[in-house]
>>> print(open('input-v1.json').read())   # JSON, C-alpha atoms
[["chain", "number", "residue", "atom", "x", "y", "z"],
["R", 1, "MET", "CA", 88.37, 50.58, 33.70],
["R", 2, "PRO", "CA", 85.55, 48.01, 33.45],
["R", 3, "HIS", "CA", 83.76, 46.22, 30.69],
["R", 4, "ILE", "CA", 79.99, 45.94, 31.06],
["R", 5, "ILE", "CA", 77.84, 42.87, 30.39],
["R", 6, "ALA", "CA", 74.12, 43.65, 30.48],
["R", 7, "ILE", "CA", 71.52, 40.88, 30.78],
["R", 8, "GLU", "CA", 67.97, 41.81, 29.85],
["R", 9, "TYR", "CA", 65.11, 40.30, 31.81],
["R", 10, "SER", "CA", 63.66, 36.95, 30.68],
["R", 11, "GLU", "CA", 62.74, 33.64, 32.28],
["R", 12, "ALA", "CA", 66.21, 32.39, 31.31],
["R", 13, "GLN", "CA", 68.00, 35.31, 32.95],
["R", 14, "ARG", "CA", 69.28, 33.45, 36.04],
["R", 15, "ARG", "CA", 70.69, 30.66, 33.90],
["R", 16, "GLN", "CA", 72.29, 33.22, 31.57],
["R", 17, "LEU", "CA", 73.82, 34.93, 34.61],
["R", 18, "ALA", "CA", 75.21, 31.65, 35.95],
["R", 19, "GLU", "CA", 76.68, 30.80, 32.55],
["R", 20, "THR", "CA", 78.20, 34.29, 32.26],
["R", 21, "LEU", "CA", 79.84, 34.07, 35.69],
["R", 22, "ASP", "CA", 81.17, 30.60, 34.90],
["R", 23, "SER", "CA", 82.72, 31.93, 31.69],
["R", 24, "LEU", "CA", 84.25, 34.89, 33.52],
["R", 25, "THR", "CA", 85.73, 32.61, 36.17],
["R", 26, "LYS", "CA", 87.30, 30.42, 33.50],
["R", 27, "SER", "CA", 88.82, 33.53, 31.92],
["R", 28, "GLY", "CA", 90.43, 34.50, 35.22],
["R", 29, "ARG", "CA", 87.89, 37.07, 36.39],
["R", 30, "PRO", "CA", 86.02, 35.39, 39.27],
["R", 31, "LEU", "CA", 83.08, 36.98, 41.03],
["R", 32, "SER", "CA", 84.14, 39.29, 43.84],
["R", 33, "ALA", "CA", 80.75, 40.53, 45.04],
["R", 34, "LYS", "CA", 77.07, 41.04, 44.26],
["R", 35, "TYR", "CA", 75.28, 44.31, 45.04],
["R", 36, "GLU", "CA", 71.86, 45.88, 44.71],
["R", 37, "ALA", "CA", 72.17, 48.99, 42.57],
["R", 38, "GLN", "CA", 70.57, 51.09, 45.31],
["R", 39, "THR", "CA", 73.63, 50.37, 47.46],
["R", 40, "PHE", "CA", 75.36, 53.03, 45.36],
["R", 41, "GLY", "CA", 72.43, 55.22, 44.37],
["R", 42, "THR", "CA", 74.00, 56.70, 41.23],
["R", 43, "TRP", "CA", 76.11, 55.55, 38.31],
["R", 44, "PRO", "CA", 79.09, 57.76, 39.27],
["R", 45, "GLU", "CA", 79.08, 56.36, 42.79],
["R", 46, "LEU", "CA", 78.89, 52.81, 41.49],
["R", 47, "PHE", "CA", 81.87, 53.35, 39.19],
["R", 48, "SER", "CA", 83.97, 55.11, 41.79],
["R", 49, "SER", "CA", 83.41, 52.21, 44.17],
["R", 50, "LEU", "CA", 84.08, 49.34, 41.78],
["R", 51, "ILE", "CA", 86.80, 50.38, 39.35],
["R", 52, "GLN", "CA", 89.48, 50.50, 42.01],
["R", 53, "PRO", "CA", 91.55, 47.26, 41.88],
["R", 54, "GLY", "CA", 91.09, 44.92, 44.82],
["R", 55, "LEU", "CA", 93.81, 44.34, 47.40],
["R", 56, "PHE", "CA", 94.29, 40.68, 46.55],
["R", 57, "VAL", "CA", 93.04, 40.36, 42.96],
["R", 58, "SER", "CA", 93.80, 42.27, 39.80],
["R", 59, "ARG", "CA", 91.12, 40.63, 37.64],
["R", 60, "GLU", "CA", 87.56, 40.30, 38.93],
["R", 61, "SER", "CA", 83.87, 40.65, 38.20],
["R", 62, "PHE", "CA", 80.88, 42.15, 39.99],
["R", 63, "VAL", "CA", 77.13, 41.61, 39.69],
["R", 64, "ILE", "CA", 74.75, 44.57, 40.03],
["R", 65, "GLU", "CA", 71.07, 43.73, 40.50],
["R", 66, "ASP", "CA", 68.33, 46.13, 39.35],
["R", 67, "PRO", "CA", 70.50, 48.74, 37.59],
["R", 68, "ASP", "CA", 67.24, 50.05, 36.08],
["R", 69, "SER", "CA", 66.79, 52.02, 39.31],
["R", 70, "LEU", "CA", 69.88, 54.12, 38.58],
["R", 71, "GLY", "CA", 68.23, 55.75, 35.57],
["R", 72, "PRO", "CA", 69.89, 56.58, 32.23],
["R", 73, "PHE", "CA", 73.62, 55.99, 31.99],
["R", 74, "PRO", "CA", 75.51, 59.34, 32.04],
["R", 75, "GLU", "CA", 77.18, 60.16, 28.75],
["R", 76, "ASP", "CA", 80.17, 61.68, 30.55],
["R", 77, "LEU", "CA", 81.04, 58.23, 31.94],
["R", 78, "ALA", "CA", 81.01, 56.51, 28.54],
["R", 79, "HIS", "CA", 84.77, 56.93, 28.12],
["R", 80, "LEU", "CA", 85.33, 54.66, 31.13],
["R", 81, "ILE", "CA", 83.98, 51.56, 29.40],
["R", 82, "GLU", "CA", 86.60, 49.15, 28.05],
["R", 83, "ASP", "CA", 86.29, 46.16, 25.72],
["R", 84, "SER", "CA", 85.63, 42.57, 26.74],
["R", 85, "ASP", "CA", 89.30, 41.93, 27.62],
["R", 86, "SER", "CA", 89.14, 44.35, 30.54],
["R", 87, "ASP", "CA", 90.47, 43.14, 33.90],
["R", 88, "THR", "CA", 87.23, 44.22, 35.59],
["R", 89, "VAL", "CA", 83.77, 43.22, 34.40],
["R", 90, "ILE", "CA", 80.49, 44.60, 35.76],
["R", 91, "VAL", "CA", 77.51, 42.35, 35.06],
["R", 92, "LEU", "CA", 74.26, 44.32, 35.11],
["R", 93, "VAL", "CA", 71.13, 42.22, 35.75],
["R", 94, "PHE", "CA", 68.14, 44.22, 34.53],
["R", 95, "THR", "CA", 64.50, 43.86, 35.54],
["R", 96, "GLY", "CA", 63.46, 44.98, 32.05],
["R", 97, "ASP", "CA", 65.25, 46.05, 28.86],
["R", 98, "THR", "CA", 68.55, 47.92, 28.64],
["R", 99, "LYS", "CA", 67.40, 51.20, 27.09],
["R", 100, "THR", "CA", 69.04, 53.16, 29.92],
["R", 101, "LEU", "CA", 72.43, 52.10, 28.51],
["R", 102, "LYS", "CA", 71.89, 53.81, 25.17],
["R", 103, "PRO", "CA", 75.00, 56.09, 25.48],
["R", 104, "ILE", "CA", 77.27, 53.01, 25.70],
["R", 105, "ALA", "CA", 75.24, 50.54, 23.63],
["R", 106, "GLY", "CA", 78.10, 50.02, 21.18],
["R", 107, "LYS", "CA", 80.66, 49.29, 23.90],
["R", 108, "ILE", "CA", 78.94, 46.68, 26.04],
["R", 109, "THR", "CA", 78.19, 42.98, 25.75],
["R", 110, "LEU", "CA", 74.41, 42.60, 25.60],
["R", 111, "ILE", "CA", 72.72, 39.31, 26.48],
["R", 112, "LYS", "CA", 69.16, 39.37, 25.18],
["R", 113, "PRO", "CA", 66.27, 36.98, 25.90],
["R", 114, "GLU", "CA", 66.54, 33.71, 24.02],
["R", 115, "PRO", "CA", 64.19, 33.30, 21.03],
["R", 116, "GLN", "CA", 61.00, 31.42, 21.86],
["R", 117, "ILE", "CA", 60.62, 28.10, 20.10],
["R", 118, "ALA", "CA", 57.35, 27.69, 18.19],
["R", 119, "PRO", "CA", 55.08, 25.03, 19.75],
["R", 120, "TRP", "CA", 55.29, 22.78, 16.66],
["R", 121, "LYS", "CA", 59.11, 22.86, 16.83],
["R", 122, "ARG", "CA", 59.51, 22.09, 20.53],
["R", 123, "GLN", "CA", 59.68, 18.33, 20.16],
["R", 124, "SER", "CA", 62.69, 18.52, 17.82],
["R", 125, "TRP", "CA", 64.22, 21.30, 19.94],
["R", 126, "LEU", "CA", 64.03, 19.12, 23.05],
["R", 127, "SER", "CA", 65.51, 16.15, 21.20],
["R", 128, "ASP", "CA", 68.38, 18.31, 19.93],
["R", 129, "LEU", "CA", 68.94, 19.73, 23.43],
["R", 130, "ALA", "CA", 69.11, 16.22, 24.89],
["R", 131, "LYS", "CA", 71.57, 15.16, 22.19],
["R", 132, "THR", "CA", 73.75, 18.20, 22.88],
["R", 133, "GLU", "CA", 73.84, 17.28, 26.56],
["R", 134, "GLY", "CA", 74.87, 13.71, 25.73],
["R", 135, "PHE", "CA", 71.70, 11.69, 26.22],
["R", 136, "SER", "CA", 68.71, 10.40, 24.28],
["R", 137, "LEU", "CA", 65.06, 11.46, 24.54],
["R", 138, "ASP", "CA", 62.30, 9.26, 23.15],
["R", 139, "PRO", "CA", 60.20, 11.26, 20.61],
["R", 140, "ASP", "CA", 56.97, 10.50, 22.48],
["R", 141, "ALA", "CA", 58.56, 11.64, 25.75],
["R", 142, "ALA", "CA", 59.69, 14.85, 24.05],
["R", 143, "GLN", "CA", 56.19, 15.46, 22.72],
["R", 144, "LEU", "CA", 54.59, 14.81, 26.10],
["R", 145, "LEU", "CA", 56.89, 17.39, 27.67],
["R", 146, "ALA", "CA", 56.24, 19.90, 24.87],
["R", 147, "ASP", "CA", 52.48, 19.44, 25.20],
["R", 148, "SER", "CA", 52.43, 19.65, 28.99],
["R", 149, "ILE", "CA", 54.87, 22.40, 29.97],
["R", 150, "GLU", "CA", 54.48, 25.95, 28.65],
["R", 151, "SER", "CA", 57.69, 27.55, 29.95],
["R", 152, "GLN", "CA", 60.65, 27.04, 27.63],
["R", 153, "GLU", "CA", 63.10, 27.43, 30.49],
["R", 154, "GLU", "CA", 61.20, 24.89, 32.58],
["R", 155, "LEU", "CA", 61.30, 22.49, 29.65],
["R", 156, "ARG", "CA", 65.07, 22.87, 29.45],
["R", 157, "GLY", "CA", 65.38, 22.17, 33.16],
["R", 158, "GLU", "CA", 63.15, 19.08, 32.94],
["R", 159, "VAL", "CA", 65.23, 17.58, 30.13],
["R", 160, "LEU", "CA", 68.46, 18.09, 32.07],
["R", 161, "LYS", "CA", 66.91, 16.56, 35.20],
["R", 162, "LEU", "CA", 65.60, 13.58, 33.27],
["R", 163, "GLY", "CA", 68.99, 13.08, 31.63],
["R", 164, "LEU", "CA", 70.68, 12.79, 35.01],
["R", 165, "PHE", "CA", 68.03, 10.32, 36.16],
["R", 166, "ALA", "CA", 68.25, 8.14, 33.05],
["R", 167, "GLU", "CA", 72.02, 7.62, 33.47],
["R", 168, "GLY", "CA", 72.76, 6.86, 29.83],
["R", 169, "ARG", "CA", 69.56, 5.12, 28.73],
["R", 170, "THR", "CA", 66.85, 6.71, 26.59],
["R", 171, "ILE", "CA", 64.40, 8.92, 28.52],
["R", 172, "THR", "CA", 60.93, 7.38, 28.18],
["R", 173, "VAL", "CA", 57.32, 8.54, 28.50],
["R", 174, "GLU", "CA", 57.20, 6.68, 31.82],
["R", 175, "ASP", "CA", 60.16, 8.73, 33.10],
["R", 176, "VAL", "CA", 58.39, 11.97, 32.15],
["R", 177, "GLU", "CA", 55.14, 10.92, 33.80],
["R", 178, "ALA", "CA", 56.94, 9.89, 36.99],
["R", 179, "LEU", "CA", 59.33, 12.82, 37.37],
["R", 180, "SER", "CA", 58.12, 15.87, 35.45],
["R", 181, "PHE", "CA", 54.77, 16.50, 37.08],
["R", 182, "ASP", "CA", 53.73, 17.35, 40.61],
["R", 183, "GLU", "CA", 50.95, 15.35, 42.21],
["R", 184, "GLY", "CA", 48.30, 17.41, 40.47],
["R", 185, "GLY", "CA", 50.07, 17.08, 37.13],
["R", 186, "ARG", "CA", 50.40, 13.31, 37.50],
["R", 187, "ALA", "CA", 46.72, 13.05, 38.41],
["R", 188, "GLN", "CA", 45.76, 15.02, 35.31],
["R", 189, "MET", "CA", 47.95, 12.80, 33.10],
["R", 190, "MET", "CA", 46.35, 9.71, 34.67],
["R", 191, "PHE", "CA", 42.93, 11.21, 33.98],
["R", 192, "LEU", "CA", 43.67, 12.07, 30.32],
["R", 193, "ASP", "CA", 45.29, 8.74, 29.52],
["R", 194, "GLY", "CA", 42.64, 6.84, 31.49],
["R", 195, "MET", "CA", 39.87, 8.52, 29.51],
["R", 196, "CYS", "CA", 41.55, 7.76, 26.18],
["R", 197, "ASP", "CA", 42.47, 4.16, 27.09],
["R", 198, "ASN", "CA", 39.10, 3.37, 28.73],
["R", 199, "LYS", "CA", 40.50, 2.76, 32.21],
["R", 200, "PRO", "CA", 37.70, 3.77, 34.58],
["R", 201, "GLN", "CA", 39.66, 2.92, 37.71],
["R", 202, "ASP", "CA", 42.48, 5.31, 36.73],
["R", 203, "VAL", "CA", 39.95, 8.02, 35.93],
["R", 204, "ALA", "CA", 38.18, 7.54, 39.27],
["R", 205, "ARG", "CA", 41.47, 7.74, 41.21],
["R", 206, "ALA", "CA", 42.50, 10.88, 39.32],
["R", 207, "VAL", "CA", 39.14, 12.59, 39.77],
["R", 208, "LYS", "CA", 39.27, 11.96, 43.52],
["R", 209, "PHE", "CA", 42.42, 14.12, 43.63],
["R", 210, "LEU", "CA", 41.54, 16.63, 40.92],
["R", 211, "ARG", "CA", 38.15, 17.61, 42.29],
["R", 212, "GLU", "CA", 39.88, 19.60, 45.04],
["R", 213, "ASP", "CA", 40.27, 22.35, 42.42],
["R", 214, "SER", "CA", 38.12, 23.84, 39.64],
["R", 215, "PRO", "CA", 37.20, 21.38, 36.88],
["R", 216, "LEU", "CA", 37.82, 23.97, 34.14],
["R", 217, "PRO", "CA", 41.54, 23.25, 33.50],
["R", 218, "VAL", "CA", 40.86, 19.51, 33.29],
["R", 219, "LEU", "CA", 37.81, 20.11, 31.12],
["R", 220, "ILE", "CA", 39.93, 22.12, 28.68],
["R", 221, "ALA", "CA", 42.71, 19.51, 28.75],
["R", 222, "ILE", "CA", 40.44, 16.58, 27.90],
["R", 223, "THR", "CA", 38.72, 18.58, 25.15],
["R", 224, "ASN", "CA", 42.12, 19.33, 23.62],
["R", 225, "ARG", "CA", 43.16, 15.70, 23.98],
["R", 226, "LEU", "CA", 40.04, 14.49, 22.14],
["R", 227, "ARG", "CA", 40.15, 17.11, 19.40],
["R", 228, "PRO", "CA", 42.16, 14.82, 17.05],
["R", 229, "ALA", "CA", 39.46, 12.15, 17.50],
["R", 230, "LEU", "CA", 36.86, 14.71, 16.47],
["R", 231, "MET", "CA", 38.86, 15.58, 13.36],
["R", 232, "LEU", "CA", 39.43, 11.92, 12.47],
["R", 233, "SER", "CA", 35.74, 11.18, 12.79],
["R", 234, "SER", "CA", 34.69, 14.18, 10.72],
["R", 235, "PHE", "CA", 36.89, 13.82, 7.63],
["R", 236, "PRO", "CA", 37.43, 11.02, 5.10],
["R", 237, "PRO", "CA", 40.74, 9.12, 5.40],
["R", 238, "ALA", "CA", 42.35, 11.00, 2.51],
["R", 239, "SER", "CA", 41.83, 14.34, 4.28],
["R", 240, "GLN", "CA", 42.51, 13.34, 7.88],
["R", 241, "THR", "CA", 46.22, 14.19, 7.97],
["R", 242, "ASP", "CA", 45.59, 17.66, 6.54],
["R", 243, "ALA", "CA", 42.74, 18.19, 8.99],
["R", 244, "LEU", "CA", 44.93, 17.20, 11.92],
["R", 245, "LYS", "CA", 47.72, 19.53, 10.80],
["R", 246, "ALA", "CA", 45.27, 22.39, 10.31],
["R", 247, "SER", "CA", 44.06, 21.96, 13.90],
["R", 248, "ASP", "CA", 47.66, 21.95, 15.23],
["R", 249, "ASN", "CA", 47.57, 18.19, 15.83],
["R", 250, "ASP", "CA", 50.21, 17.01, 13.37],
["R", 251, "PRO", "CA", 50.23, 13.19, 13.74],
["R", 252, "VAL", "CA", 54.02, 13.14, 13.42],
["R", 253, "LYS", "CA", 54.88, 16.07, 15.65],
["R", 254, "LYS", "CA", 52.22, 15.21, 18.24],
["R", 255, "LYS", "CA", 52.32, 11.45, 17.92],
["R", 256, "TYR", "CA", 51.66, 10.70, 21.59],
["R", 257, "ALA", "CA", 48.56, 12.89, 21.89],
["R", 258, "VAL", "CA", 47.13, 11.83, 18.52],
["R", 259, "ASN", "CA", 47.63, 8.12, 19.26],
["R", 260, "LYS", "CA", 45.86, 8.51, 22.60],
["R", 261, "SER", "CA", 43.01, 10.27, 20.82],
["R", 262, "ARG", "CA", 42.83, 7.41, 18.31],
["R", 263, "ASN", "CA", 42.47, 5.03, 21.26],
["R", 264, "ALA", "CA", 39.52, 7.06, 22.53],
["R", 265, "LEU", "CA", 37.88, 6.95, 19.11],
["R", 266, "LYS", "CA", 38.31, 3.18, 19.03],
["R", 267, "HIS", "CA", 36.80, 2.74, 22.50],
["R", 268, "TYR", "CA", 33.89, 5.18, 22.30],
["R", 269, "GLY", "CA", 33.12, 5.71, 18.62],
["R", 270, "PRO", "CA", 32.63, 9.01, 16.76],
["R", 271, "ASP", "CA", 29.10, 9.78, 17.93],
["R", 272, "ARG", "CA", 29.96, 9.41, 21.63],
["R", 273, "ILE", "CA", 33.11, 11.53, 21.19],
["R", 274, "LYS", "CA", 31.13, 14.31, 19.52],
["R", 275, "ARG", "CA", 28.46, 14.19, 22.22],
["R", 276, "PHE", "CA", 31.09, 14.37, 24.95],
["R", 277, "ILE", "CA", 32.83, 17.36, 23.39],
["R", 278, "LEU", "CA", 29.51, 19.19, 23.01],
["R", 279, "GLY", "CA", 28.84, 18.49, 26.68],
["R", 280, "ALA", "CA", 32.30, 19.78, 27.59],
["R", 281, "ILE", "CA", 31.74, 22.98, 25.60],
["R", 282, "ARG", "CA", 28.43, 23.49, 27.39],
["R", 283, "LEU", "CA", 30.04, 23.01, 30.82],
["R", 284, "SER", "CA", 32.88, 25.37, 29.92],
["R", 285, "PHE", "CA", 30.37, 28.05, 28.93],
["R", 286, "LEU", "CA", 28.47, 27.60, 32.20],
["R", 287, "GLU", "CA", 31.71, 27.77, 34.22],
["R", 288, "LYS", "CA", 32.57, 31.10, 32.61],
["R", 289, "THR", "CA", 29.11, 32.65, 32.99],
["R", 290, "GLY", "CA", 28.48, 32.06, 36.68],
["R", 291, "ARG", "CA", 26.17, 29.07, 36.21],
["R", 292, "ALA", "CA", 28.74, 26.36, 36.83],
["R", 293, "GLU", "CA", 27.67, 22.76, 37.38],
["R", 294, "GLY", "CA", 31.08, 22.00, 38.88],
["R", 295, "TRP", "CA", 32.46, 18.52, 39.17],
["R", 296, "GLU", "CA", 28.99, 16.99, 39.36],
["R", 297, "GLY", "CA", 28.21, 18.10, 35.80],
["R", 298, "PHE", "CA", 31.67, 17.15, 34.57],
["R", 299, "GLU", "CA", 31.59, 13.69, 36.11],
["R", 300, "TYR", "CA", 28.16, 13.06, 34.58],
["R", 301, "ILE", "CA", 29.50, 13.41, 31.01],
["R", 302, "ILE", "CA", 32.66, 11.47, 31.91],
["R", 303, "TRP", "CA", 30.80, 8.42, 33.15],
["R", 304, "GLU", "CA", 28.15, 8.71, 30.46],
["R", 305, "LEU", "CA", 30.93, 8.38, 27.88],
["R", 306, "MET", "CA", 32.83, 5.58, 29.59],
["R", 307, "ALA", "CA", 29.73, 3.56, 30.49],
["R", 308, "LYS", "CA", 28.95, 3.11, 26.78],
["R", 309, "ALA", "CA", 32.48, 2.00, 25.78],
["R", 310, "GLY", "CA", 31.64, -1.69, 25.97],
["R", 311, "GLN", "CA", 28.71, -1.27, 23.62],
["R", 312, "VAL", "CA", 30.96, 0.36, 21.01],
["R", 313, "MET", "CA", 33.66, -2.30, 21.32],
["R", 314, "ASN", "CA", 31.11, -5.09, 20.90],
["R", 315, "ALA", "CA", 29.25, -3.46, 18.02]]
>>> encode(input="input-v1.json", output="structure tokens")
Amino acid sequence: MPHIIAIEYSEAQRRQLAETLDSLTKSGRPLSAKYEAQTFGTWPELFSSLIQPGLFVSRESFVIEDPDSLGPFPEDLAHLIEDSDSDTVIVLVFTGDTKTLKPIAGKITLIKPEPQIAPWKRQSWLSDLAKTEGFSLDPDAAQLLADSIESQEELRGEVLKLGLFAEGRTITVEDVEALSFDEGGRAQMMFLDGMCDNKPQDVARAVKFLREDSPLPVLIAITNRLRPALMLSSFPPASQTDALKASDNDPVKKKYAVNKSRNALKHYGPDRIKRFILGAIRLSFLEKTGRAEGWEGFEYIIWELMAKAGQVMNA
């Protein structure tokens, strides 16, 4: 009789499946076959086909994709389920939750979606993950990843990839910029950093690539990047840290982004930053109401800001 492992759907499901199969192989129950649930059509047919011992193996495992399509698990089959030491294991890979297994919920091994890490905890989570895997991740590199990649599973994959590339040395911001973004992502990073560091040539090169798509994502990104500068310019020094934290720009947890925003404030000054953000808000509103000015309007406020940088620095 089999034991059942059920994996609920999540973005980490394929990794959880691979880890489960690896564990089963190490315990002497290697994968014998994978099937779509519709191959059998019903739960009774599935069980009658799989619980017979193989000709050449006595301990094995099977993967069943989309068991949701078989409907609720029949209560009269519940007695067939054994504990986790069973010689045969059926791994059910669901496309949703596992409510259809309610009659055997107490007898199966359930693998649920992993908890989502809060945005303000992702930097430390990434650093801990890197440490667990045996390599080191620079805090600024961790923050850049956390700020740039939404998917938790994609973040995990990026850290593992970067660890292999670094070959024992600390993973740096430069490694992240070079390896963790596609061409569009690298262009956007060049644009954001170029704006903050007053590097017009980098901004011009980035815009040349970015203008193939809508300006709205880049407009939102630069507004977010400059938000700490707006807070710093609007509050007295004694209140700046609290203001940054309240706007989800903790200067410790988001050191990279806040430092870049400080650079922008130094280059352009508070009045120019405020004027730029007001212009960005206006363009965003127009983009969303069918009166878009497109890249022409966006580039106007970009170059208006950067053209005045020298005046601020010399003031």
>>> atom_distance(input="input-v1.json", atom1="atom CA of Lys266 of chain R", atom2="atom CA of Lys245 of chain R")
20.6 Å
>>> closest_atom_pairs(input="input-v1.json", of="segment 168-252 of chain R", to="segment 140-153 of chain R", cutoff="8 Å", atoms="all atoms listed in the file", output="tab-separated table")
residue	atom	partner	partner_atom	distance
R:Ile171	CA	R:Ala141	CA	7.0
R:Thr172	CA	R:Ala141	CA	5.4
R:Val173	CA	R:Ala141	CA	4.3
R:Glu174	CA	R:Ala141	CA	8.0
R:Val176	CA	R:Ala141	CA	6.4
>>> residues_around(input="input-v1.json", residues="segment 6-22 of chain R", least_positions_apart="3", cutoff="7 Å", atoms="only C-alpha atoms", output="ChimeraX atom specification")
/R:25-26,31,91-98,109-113,153
>>> closest_residue(input="input-v1.json", among="R:Phe165, R:Ile222, R:Asn263, R:Ser284", to="Met190 of chain R", atoms="only C-alpha atoms")
R:Ile222
>>> atom_distance(input="input-v1.json", atom1="atom CA of Asp85 of chain R", atom2="atom CA of Pro30 of chain R")
13.8 Å
>>> closest_residue(input="input-v1.json", among="R:Leu137, R:Ala187, R:Leu70, R:Met306", to="Leu164 of chain R", atoms="all atoms listed in the file")
R:Leu137
>>> closest_residue(input="input-v1.json", among="R:Leu192, R:Ile81, R:Ala166, R:Leu160", to="Thr223 of chain R", atoms="only C-alpha atoms")
R:Leu192
>>> closest_residue(input="input-v1.json", among="R:Leu265, R:Ile108, R:Leu129, R:Met1", to="Glu158 of chain R", atoms="all atoms listed in the file")
R:Leu129
>>> atom_distance(input="input-v1.json", atom1="atom CA of Ala307 of chain R", atom2="atom CA of Ser233 of chain R")
20.2 Å
>>> closest_residue(input="input-v1.json", among="R:Thr100, R:Asp197, R:Trp120, R:Asn259", to="Ala246 of chain R", atoms="only C-alpha atoms")
R:Trp120
>>> closest_residue(input="input-v1.json", among="R:His267, R:Pro217, R:Trp43, R:Lys102", to="Lys199 of chain R", atoms="only C-alpha atoms")
R:His267
>>> residues_around(input="input-v1.json", residues="Arg211 of chain R", least_positions_apart="2", cutoff="12 Å", atoms="all atoms listed in the file", output="count of residues only")
24
>>> build_atoms(input="input-v1.json", residues="segment 97-111 of chain R", atoms="N, CA, C and O atoms", output="mmCIF file, in the coordinates of the input")
data_model
loop_
_atom_site.group_PDB
_atom_site.id
_atom_site.type_symbol
_atom_site.label_atom_id
_atom_site.label_comp_id
_atom_site.auth_asym_id
_atom_site.auth_seq_id
_atom_site.Cartn_x
_atom_site.Cartn_y
_atom_site.Cartn_z
ATOM 1 N N ASP R 97 64.293 45.947 29.958
ATOM 2 C CA ASP R 97 65.250 46.050 28.860
ATOM 3 C C ASP R 97 66.435 46.906 29.277
ATOM 4 O O ASP R 97 66.563 47.298 30.441
ATOM 5 N N THR R 98 67.314 47.191 28.321
ATOM 6 C CA THR R 98 68.550 47.920 28.640
ATOM 7 C C THR R 98 68.599 49.292 27.951
ATOM 8 O O THR R 98 69.672 49.789 27.622
ATOM 9 N N LYS R 99 67.437 49.908 27.768
ATOM 10 C CA LYS R 99 67.400 51.200 27.090
ATOM 11 C C LYS R 99 68.171 52.278 27.836
ATOM 12 O O LYS R 99 68.652 53.242 27.230
ATOM 13 N N THR R 100 68.310 52.149 29.143
ATOM 14 C CA THR R 100 69.040 53.160 29.920
ATOM 15 C C THR R 100 70.526 53.176 29.585
ATOM 16 O O THR R 100 71.234 54.110 29.966
ATOM 17 N N LEU R 101 71.007 52.171 28.869
ATOM 18 C CA LEU R 101 72.430 52.100 28.510
ATOM 19 C C LEU R 101 72.704 52.621 27.104
ATOM 20 O O LEU R 101 73.776 52.371 26.544
ATOM 21 N N LYS R 102 71.762 53.338 26.545
ATOM 22 C CA LYS R 102 71.890 53.810 25.170
ATOM 23 C C LYS R 102 73.209 54.529 24.885
ATOM 24 O O LYS R 102 73.824 54.297 23.833
ATOM 25 N N PRO R 103 73.736 55.391 25.785
ATOM 26 C CA PRO R 103 75.000 56.090 25.480
ATOM 27 C C PRO R 103 76.199 55.166 25.302
ATOM 28 O O PRO R 103 77.197 55.572 24.707
ATOM 29 N N ILE R 104 76.119 53.928 25.814
ATOM 30 C CA ILE R 104 77.270 53.010 25.700
ATOM 31 C C ILE R 104 76.881 51.729 24.986
ATOM 32 O O ILE R 104 77.582 50.712 25.077
ATOM 33 N N ALA R 105 75.766 51.753 24.254
ATOM 34 C CA ALA R 105 75.240 50.540 23.630
ATOM 35 C C ALA R 105 76.265 49.841 22.735
ATOM 36 O O ALA R 105 76.297 48.609 22.652
ATOM 37 N N GLY R 106 77.118 50.616 22.085
ATOM 38 C CA GLY R 106 78.100 50.020 21.180
ATOM 39 C C GLY R 106 79.327 49.478 21.871
ATOM 40 O O GLY R 106 80.184 48.849 21.227
ATOM 41 N N LYS R 107 79.451 49.697 23.176
ATOM 42 C CA LYS R 107 80.660 49.290 23.900
ATOM 43 C C LYS R 107 80.454 48.103 24.829
ATOM 44 O O LYS R 107 81.424 47.576 25.374
ATOM 45 N N ILE R 108 79.212 47.712 25.039
ATOM 46 C CA ILE R 108 78.940 46.680 26.040
ATOM 47 C C ILE R 108 78.653 45.335 25.373
ATOM 48 O O ILE R 108 78.451 45.244 24.162
ATOM 49 N N THR R 109 78.654 44.291 26.185
ATOM 50 C CA THR R 109 78.190 42.980 25.750
ATOM 51 C C THR R 109 76.750 42.831 26.219
ATOM 52 O O THR R 109 76.472 42.872 27.413
ATOM 53 N N LEU R 110 75.827 42.689 25.270
ATOM 54 C CA LEU R 110 74.410 42.600 25.600
ATOM 55 C C LEU R 110 73.925 41.161 25.468
ATOM 56 O O LEU R 110 74.125 40.527 24.426
ATOM 57 N N ILE R 111 73.308 40.654 26.516
ATOM 58 C CA ILE R 111 72.720 39.310 26.480
ATOM 59 C C ILE R 111 71.205 39.480 26.480
ATOM 60 O O ILE R 111 70.615 39.903 27.468
#
